[in-house]
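J.: Pasting model.txt below, which is compact mmCIF, C-alpha atoms.
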```txt
# COMPACT_ATOMS: atom_id res chain seq x y z
CA MET A 26 104.55 144.78 70.35
CA SER A 27 101.61 146.99 69.34
CA HIS A 28 99.01 144.24 69.94
CA ILE A 29 100.89 142.70 72.81
CA GLU A 30 97.83 142.04 74.96
CA ASP A 31 95.74 140.25 72.28
CA GLU A 32 94.99 136.56 72.56
CA ILE A 33 96.32 134.49 69.69
CA SER A 34 96.42 130.83 68.73
CA GLY A 35 99.61 128.86 68.20
CA ALA A 36 99.13 128.98 64.42
CA GLU A 37 98.70 132.77 64.49
CA ALA A 38 101.83 133.07 66.67
CA GLY A 39 103.70 130.96 64.13
CA ARG A 40 102.59 133.22 61.26
CA ALA A 41 103.44 136.40 63.23
CA THR A 42 106.91 135.20 64.28
CA GLY A 43 107.81 133.11 61.23
CA LEU A 44 108.74 130.24 63.55
CA ALA A 45 108.04 126.67 62.47
CA SER A 46 105.81 124.53 64.69
CA GLY A 47 108.83 122.47 65.82
CA THR A 48 110.45 125.56 67.33
CA LEU A 49 107.34 127.48 68.34
CA TYR A 50 105.65 125.08 70.75
CA PRO A 51 108.67 124.33 73.00
CA ILE A 52 109.11 128.12 73.34
CA LEU A 53 105.41 128.67 74.16
CA ILE A 54 105.52 125.94 76.80
CA ARG A 55 108.63 127.38 78.42
CA LEU A 56 107.07 130.86 78.45
CA GLU A 57 103.92 129.40 80.00
CA GLU A 58 105.90 127.56 82.68
CA ALA A 59 107.82 130.76 83.46
CA GLY A 60 104.51 132.62 83.84
CA TRP A 61 105.20 135.03 80.99
CA VAL A 62 102.31 133.69 78.94
CA GLU A 63 99.02 132.02 79.85
CA SER A 64 96.71 129.93 77.71
CA ARG A 65 93.12 128.82 77.65
CA TRP A 66 90.73 126.97 75.36
CA GLU A 67 88.29 128.97 73.26
CA THR A 68 84.88 128.95 74.94
CA GLU A 69 82.83 129.10 71.72
CA ASP A 70 81.16 125.87 70.55
CA PRO A 71 83.26 124.20 67.81
CA HIS A 72 80.07 122.98 66.12
CA GLU A 73 78.84 126.54 65.81
CA LEU A 74 82.25 127.71 64.63
CA GLY A 75 82.51 124.82 62.18
CA ARG A 76 86.09 124.11 63.18
CA PRO A 77 88.01 122.62 66.13
CA ARG A 78 88.43 124.87 69.16
CA ARG A 79 91.76 126.65 69.46
CA ARG A 80 94.12 127.11 72.37
CA LEU A 81 94.66 130.84 72.83
CA TYR A 82 97.80 132.37 74.29
CA GLN A 83 98.07 135.72 76.00
CA ILE A 84 101.06 137.49 77.49
CA THR A 85 100.85 138.14 81.27
CA GLY A 86 101.85 141.27 83.21
CA VAL A 87 105.19 139.68 84.05
CA GLY A 88 105.62 138.74 80.40
CA ILE A 89 104.90 142.31 79.25
CA ARG A 90 107.55 143.69 81.61
CA LYS A 91 110.08 141.07 80.51
CA ALA A 92 109.25 141.63 76.83
CA ARG A 93 109.68 145.41 77.17
CA ALA A 94 113.00 144.93 79.01
CA ALA A 95 114.21 142.53 76.31
CA PHE A 96 113.07 144.93 73.57
CA ARG A 97 114.95 147.84 75.22
CA GLU A 98 118.09 145.67 75.42
CA VAL A 99 117.86 144.84 71.72
CA VAL A 100 117.33 148.50 70.79
CA LEU A 101 120.32 149.54 72.92
CA SER A 102 122.52 146.87 71.32
CA LEU A 103 121.46 148.03 67.85
CA LYS A 104 122.23 151.66 68.73
CA GLU A 105 125.65 150.64 70.05
CA PHE A 106 126.29 148.67 66.89
CA ALA A 107 125.20 151.61 64.72
CA TRP A 108 127.62 153.99 66.46
CA ARG A 109 130.65 151.78 65.78
CA MET B 18 104.93 111.60 11.80
CA ALA B 19 101.25 111.60 12.55
CA ILE B 20 101.68 108.46 14.64
CA ILE B 21 104.43 110.08 16.72
CA THR B 22 102.28 113.17 17.26
CA SER B 23 99.29 111.05 18.25
CA LEU B 24 101.46 109.00 20.60
CA GLY B 25 102.84 112.15 22.16
CA LEU B 26 99.34 113.48 22.66
CA LEU B 27 98.22 110.22 24.24
CA VAL B 28 101.20 110.15 26.63
CA SER B 29 100.68 113.76 27.72
CA THR B 30 96.94 113.15 28.22
CA LEU B 31 97.68 110.05 30.29
CA ALA B 32 100.35 111.93 32.30
CA ALA B 33 97.90 114.76 33.02
CA ALA B 34 95.21 112.29 34.07
CA LEU B 35 97.69 110.35 36.22
CA SER B 36 99.00 113.46 37.98
CA ARG B 37 95.44 114.61 38.62
CA MET B 38 94.64 111.19 40.09
CA MET B 39 97.77 111.30 42.25
CA ALA B 40 96.90 114.78 43.50
CA GLU B 41 93.40 113.56 44.40
CA GLU B 42 94.84 110.49 46.16
CA ILE B 43 97.30 112.62 48.14
CA SER B 44 94.48 115.02 49.02
CA ALA B 45 92.33 112.12 50.18
CA TRP B 46 95.10 110.54 52.26
CA THR B 47 96.52 113.74 53.77
CA PRO B 48 94.06 114.08 56.69
CA SER B 49 94.86 110.50 57.81
CA ILE B 50 98.60 111.07 57.41
CA ILE B 51 98.42 114.30 59.41
CA HIS B 52 96.27 112.66 62.08
CA GLY B 53 98.82 109.84 62.28
CA LEU B 54 101.75 112.28 62.56
CA VAL B 55 100.03 114.19 65.37
CA LYS B 56 99.32 110.92 67.20
CA LEU B 57 102.97 109.90 66.78
CA ALA B 58 104.11 113.27 68.11
CA VAL B 59 101.87 113.34 71.21
CA ALA B 60 102.92 109.77 72.09
CA ARG B 61 106.33 111.31 73.01
CA LEU B 62 104.75 113.73 75.50
CA THR B 63 104.02 113.24 79.20
CA ASP B 64 100.60 111.89 80.25
CA ASN B 65 99.32 115.29 81.36
CA GLN B 66 100.31 116.97 78.07
CA ARG B 67 99.03 114.40 75.61
CA ALA B 68 95.31 115.18 75.45
CA ARG B 69 95.86 118.93 75.33
CA PHE B 70 98.41 118.89 72.53
CA GLU B 71 96.58 116.33 70.44
CA GLU B 72 93.60 118.66 70.30
CA GLU B 73 95.71 121.81 70.03
CA TRP B 74 97.86 120.50 67.20
CA GLN B 75 94.92 119.15 65.22
CA SER B 76 93.41 122.61 65.56
CA HIS B 77 96.70 124.24 64.50
CA VAL B 78 96.81 122.12 61.35
CA ASN B 79 93.23 123.12 60.60
CA GLU B 80 94.33 126.79 60.52
CA VAL B 81 97.21 126.17 58.12
CA PRO B 82 96.26 126.55 54.45
CA GLY B 83 97.38 124.05 51.81
CA ILE B 84 98.36 120.39 51.99
CA ILE B 85 102.11 121.05 52.05
CA GLY B 86 101.75 123.60 54.85
CA LYS B 87 99.68 121.15 56.89
CA LEU B 88 102.18 118.32 56.35
CA LEU B 89 105.11 120.56 57.29
CA ALA B 90 103.30 121.68 60.45
CA ALA B 91 102.58 118.05 61.40
CA ILE B 92 106.21 117.06 60.84
CA GLY B 93 107.20 120.07 62.98
CA PHE B 94 105.10 118.68 65.83
CA LEU B 95 107.34 115.57 65.88
CA VAL B 96 110.33 117.86 66.43
CA ALA B 97 108.45 119.91 69.04
CA ALA B 98 107.39 116.77 70.92
CA GLU B 99 110.97 115.49 71.01
CA LYS B 100 112.22 118.81 72.44
CA MET B 101 109.36 118.94 74.95
CA SER B 102 109.96 115.37 76.13
CA ILE B 103 113.69 116.07 76.64
CA ALA B 104 112.79 119.16 78.68
CA ALA B 105 110.23 117.17 80.73
CA ARG B 106 112.79 114.40 81.43
CA HIS B 107 115.34 117.03 82.47
CA ARG B 108 112.78 118.60 84.84
CA GLN B 109 111.83 115.22 86.33
CA ILE B 110 115.48 114.38 87.02
CA VAL B 111 115.95 117.71 88.81
CA GLU B 112 112.75 117.23 90.86
CA ASP B 113 113.85 113.73 91.88
CA TRP B 114 117.26 115.03 92.88
CA LEU B 115 115.84 117.91 94.90
CA THR B 116 113.65 115.38 96.76
CA LYS B 117 116.77 113.31 97.43
CA VAL B 118 118.62 116.44 98.59
CA LYS B 119 115.89 116.99 101.21
CA GLN B 120 116.19 113.31 102.27
CA VAL B 121 119.95 113.60 102.55
CA GLU B 122 119.71 116.88 104.50
CA ALA B 123 117.19 115.25 106.86
CA SER B 124 119.62 112.35 107.34
CA HIS B 125 122.28 114.84 108.35
CA SER B 126 119.99 116.14 111.13
CA LYS B 127 119.25 112.57 112.17
CA LEU B 128 122.97 111.80 112.34
CA ALA B 129 123.59 114.82 114.57
CA GLU B 130 120.63 113.80 116.79
CA THR B 131 121.90 110.24 117.08
CA ILE B 132 125.36 111.43 118.10
CA SER B 133 123.88 113.76 120.70
CA LEU B 134 121.70 110.97 122.07
CA LEU B 135 124.60 108.53 122.31
CA ARG B 136 126.86 111.07 124.01
CA ASP B 137 124.53 112.74 126.46
CA ASP B 138 121.67 110.40 127.31
CA SER B 139 121.80 109.42 130.99
CA ARG B 140 120.15 106.08 130.31
CA ILE B 141 123.38 104.81 128.72
CA THR B 142 125.60 103.23 131.34
CA ALA B 143 129.31 103.92 131.85
CA GLU B 144 130.15 100.41 130.63
CA GLU B 145 128.24 100.95 127.42
CA HIS B 146 129.98 104.33 126.96
CA VAL B 147 133.34 102.51 126.90
CA LYS B 148 132.15 100.53 123.87
CA ILE B 149 130.21 103.19 122.03
CA ASP B 150 132.35 106.34 122.61
CA PRO B 151 134.90 105.41 119.93
CA ILE B 152 132.01 104.85 117.48
CA VAL B 153 130.42 108.17 118.45
CA ASP B 154 133.77 109.98 118.01
CA ARG B 155 134.14 108.45 114.56
CA LEU B 156 130.58 109.47 113.62
CA SER B 157 131.25 113.01 114.91
CA SER B 158 134.33 113.29 112.75
CA LEU B 159 132.19 112.34 109.72
CA LEU B 160 129.61 115.07 110.38
CA PRO B 161 131.42 117.98 108.67
CA ARG B 162 132.22 115.82 105.62
CA HIS B 163 128.59 114.63 105.45
CA LYS B 164 127.40 118.26 105.59
CA GLU B 165 129.82 119.21 102.85
CA MET B 166 128.55 116.39 100.64
CA CYS B 167 124.91 117.38 101.29
CA ASP B 168 125.67 120.97 100.28
CA ARG B 169 127.64 119.93 97.19
CA LEU B 170 124.90 117.59 95.99
CA ALA B 171 122.30 120.32 96.53
CA THR B 172 124.41 122.81 94.54
CA LEU B 173 125.03 120.32 91.73
CA ALA B 174 121.35 119.40 91.53
CA ARG B 175 120.37 123.07 91.27
CA LEU B 176 123.13 123.75 88.72
CA TYR B 177 121.89 120.87 86.56
CA GLY B 178 118.37 122.23 86.88
CA ALA B 179 119.40 125.73 85.86
CA THR B 180 121.46 124.63 82.85
CA PRO B 181 119.49 124.14 79.65
CA ALA B 182 120.11 120.78 78.00
CA ALA B 183 121.85 122.40 75.02
CA PRO B 184 123.86 120.05 72.76
CA THR B 185 127.24 121.56 73.68
CA ARG B 186 126.69 120.95 77.36
CA ARG B 187 125.19 117.50 77.10
CA LEU B 188 128.41 115.55 77.57
CA ILE B 189 129.40 117.50 80.69
CA LEU B 190 125.89 117.20 82.08
CA PHE B 191 125.87 113.47 81.35
CA THR B 192 129.11 112.98 83.31
CA LEU B 193 127.82 115.21 86.11
CA LYS B 194 124.56 113.29 86.17
CA MET B 195 126.33 109.93 86.50
CA ARG B 196 128.52 111.16 89.38
CA VAL B 197 125.72 112.89 91.23
CA GLN B 198 123.35 109.94 90.71
CA ALA B 199 125.86 107.51 92.26
CA SER B 200 126.47 109.80 95.26
CA PHE B 201 122.75 110.26 95.75
CA GLU B 202 122.14 106.50 95.73
CA ILE B 203 124.79 105.95 98.43
CA MET B 204 123.64 108.84 100.57
CA THR B 205 119.94 108.03 100.41
CA THR B 206 120.67 104.39 101.33
CA THR B 207 122.80 105.62 104.25
CA ALA B 208 120.01 108.05 105.21
CA GLU B 209 117.47 105.20 105.35
CA THR B 210 119.83 103.04 107.45
CA LEU B 211 120.46 105.93 109.84
CA GLU B 212 116.72 106.55 110.15
CA ASN B 213 116.18 102.90 111.15
CA LYS B 214 119.10 102.84 113.61
CA HIS B 215 117.93 106.07 115.19
CA SER B 216 114.39 104.69 115.67
CA VAL B 217 115.77 101.49 117.25
CA LEU B 218 118.01 103.51 119.56
CA VAL B 219 115.19 105.82 120.66
CA LYS B 220 112.91 102.83 121.35
CA LEU B 221 115.66 101.01 123.25
CA LEU B 222 116.33 104.03 125.44
CA ALA B 223 112.61 104.66 125.96
CA ASP B 224 112.07 101.03 127.07
CA ARG B 225 115.05 101.33 129.38
CA GLY B 226 113.73 104.55 130.86
CA SER B 227 110.29 103.07 131.52
CA ARG B 228 111.64 100.10 133.56
```
In structure tokens, how does this file's structure come out?

T.:
Amino acid sequence: MSHIEDEISGAEAGRATGLASGTLYPILIRLEEAGWVESRWETEDPHELGRPRRRLYQITGVGIRKARAAFREVVLSLKEFAWR
Amino acid sequence: MAIITSLGLLVSTLAAALSRMMAEEISAWTPSIIHGLVKLAVARLTDNQRARFEEEWQSHVNEVPGIIGKLLAAIGFLVAAEKMSIAARHRQIVEDWLTKVKQVEASHSKLAETISLLRDDSRITAEEHVKIDPIVDRLSSLLPRHKEMCDRLATLARLYGATPAAPTRRLILFTLKMRVQASFEIMTTTAETLENKHSVLVKLLADRGSR
């Protein structure tokens, strides 16, 4: 959550979350369709970069609010669990 | 003893050379295999997704280190594409149904208009009323039922749309889909027939009025 507003590629998201590509991309697409995440192609020239251009994902304002709400819910559930 | 040792040495040297050759072969073939897997995966996607994900997934593989990692990522894309195509099919069904709901709701308005026209239009003679009033009464009695069916179909279509196609719900959704599909087919055919009859009636009355 600390770098929540950074743009990352699908591969970077996979490394950060530990999700395999088979699980990751359906989730990214659903988040994009819900407006929680937006994506764009890198604008730098692939020839100059020496690699294919990447698709970069970034969380939207709506996504940040939803993520924070979901995070609070998880924290509350963990606290409840700890008290039992 | 010396022969056995020499033979052992020869076999291990050959095995080492063979495994090195195999590793080089696999290395040489891996880009083509990965490219092929990505192509196979994107073939499952919708037309508007294909070009994007072909490029995106090739780029993803480029970021993954190691041959095994790249192959696993490419195999993962097959799974991702299958899930995405199921979701896209699910969405298309819901969109089609919501279009049909609008058609069916419009047919309900047309039915009410037709009834009103047949009852109240002064261009219809008393003699004609004797013949058509029983039909109009029957159509009127069907109106509430028709409205109820329109509302139920709309609710079911939205429920199907809101429910994720999770494995545990698939059987129920399949049954629901079959029932709703059949009702939609009947109601949209009826809607089209009503539309035609209404147009004929309006034209007939208009011609009569202009004489």

J.: Within 12 Å of chain A, which residues of chain B are there when counting all atoms listed in the file? Please give them as a PyMOL selection string.

T.: chain B and resi 55+58+62+66+69-82+86-105+108+181

J.: Please indicate the distance in Å from CA of Trp61 (chain A) to CA of Leu44 (chain A), rounded to one decimal place.

T.: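 CA of Leu44 (chain A) lies 18.4 Å from CA of Trp61 (chain A).
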
J.: Go ahead and compute the interatomic distance for CA of Gln83 (chain A) and CA of Glu32 (chain A), in Å to one decimal.

T.: 4.7 Å

J.: List the neighbours of Val87 (chain A) out to 9 Å using only C-alpha atoms; skip same-chain residues closer than 2 positions along the sequence, and give me the result as a PDB file with C-alpha atoms, in the frame of the given file.

T.:
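And here is the file that came out, around38.pdb:
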```pdb
ATOM      1  CA  GLY A  60     104.510 132.620  83.840  1.00  0.00           C
ATOM      2  CA  TRP A  61     105.200 135.030  80.990  1.00  0.00           C
ATOM      3  CA  VAL A  62     102.310 133.690  78.940  1.00  0.00           C
ATOM      4  CA  ILE A  84     101.060 137.490  77.490  1.00  0.00           C
ATOM      5  CA  THR A  85     100.850 138.140  81.270  1.00  0.00           C
ATOM      6  CA  ILE A  89     104.900 142.310  79.250  1.00  0.00           C
ATOM      7  CA  ARG A  90     107.550 143.690  81.610  1.00  0.00           C
ATOM      8  CA  LYS A  91     110.080 141.070  80.510  1.00  0.00           C
ATOM      9  CA  ALA A  92     109.250 141.630  76.830  1.00  0.00           C
TER      10      ALA A  92
END
```

J.: Write out as a list in words the residues lying within 9 Å of Thr131 (chain B), counting only C-alpha atoms and excluding same-chain residues fewer than 3 positions away.

T.: Ser126, Lys127, Leu128, Leu134, Leu135, Arg136, Val153, Leu211, Lys214, His215, Leu218 and Val219 of chain B

J.: Write out as a ChimeraX atom specification each polymer residue whose atoms come within 12 Å of region 137-145 of chain B, counting all atoms listed in the file; drop sequence neighbours fewer than 5 positions from it.

T.: /B:130-132,150-153,218-228

J.: Within 10 Å of Ala179 (chain B), counting all atoms listed in the file, which residues qualify if same-chain residues fewer than 5 places away don't, as an mmCIF file with C-alpha atoms, in the frame of the given file?

T.:
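Okay, this is what ended up in around21.cif:
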```cif
data_model
loop_
_atom_site.group_PDB
_atom_site.id
_atom_site.type_symbol
_atom_site.label_atom_id
_atom_site.label_comp_id
_atom_site.auth_asym_id
_atom_site.auth_seq_id
_atom_site.Cartn_x
_atom_site.Cartn_y
_atom_site.Cartn_z
ATOM 1 C CA ARG B 108 112.780 118.600 84.840
ATOM 2 C CA VAL B 111 115.950 117.710 88.810
ATOM 3 C CA LEU B 173 125.030 120.320 91.730
ATOM 4 C CA ALA B 174 121.350 119.400 91.530
#
```
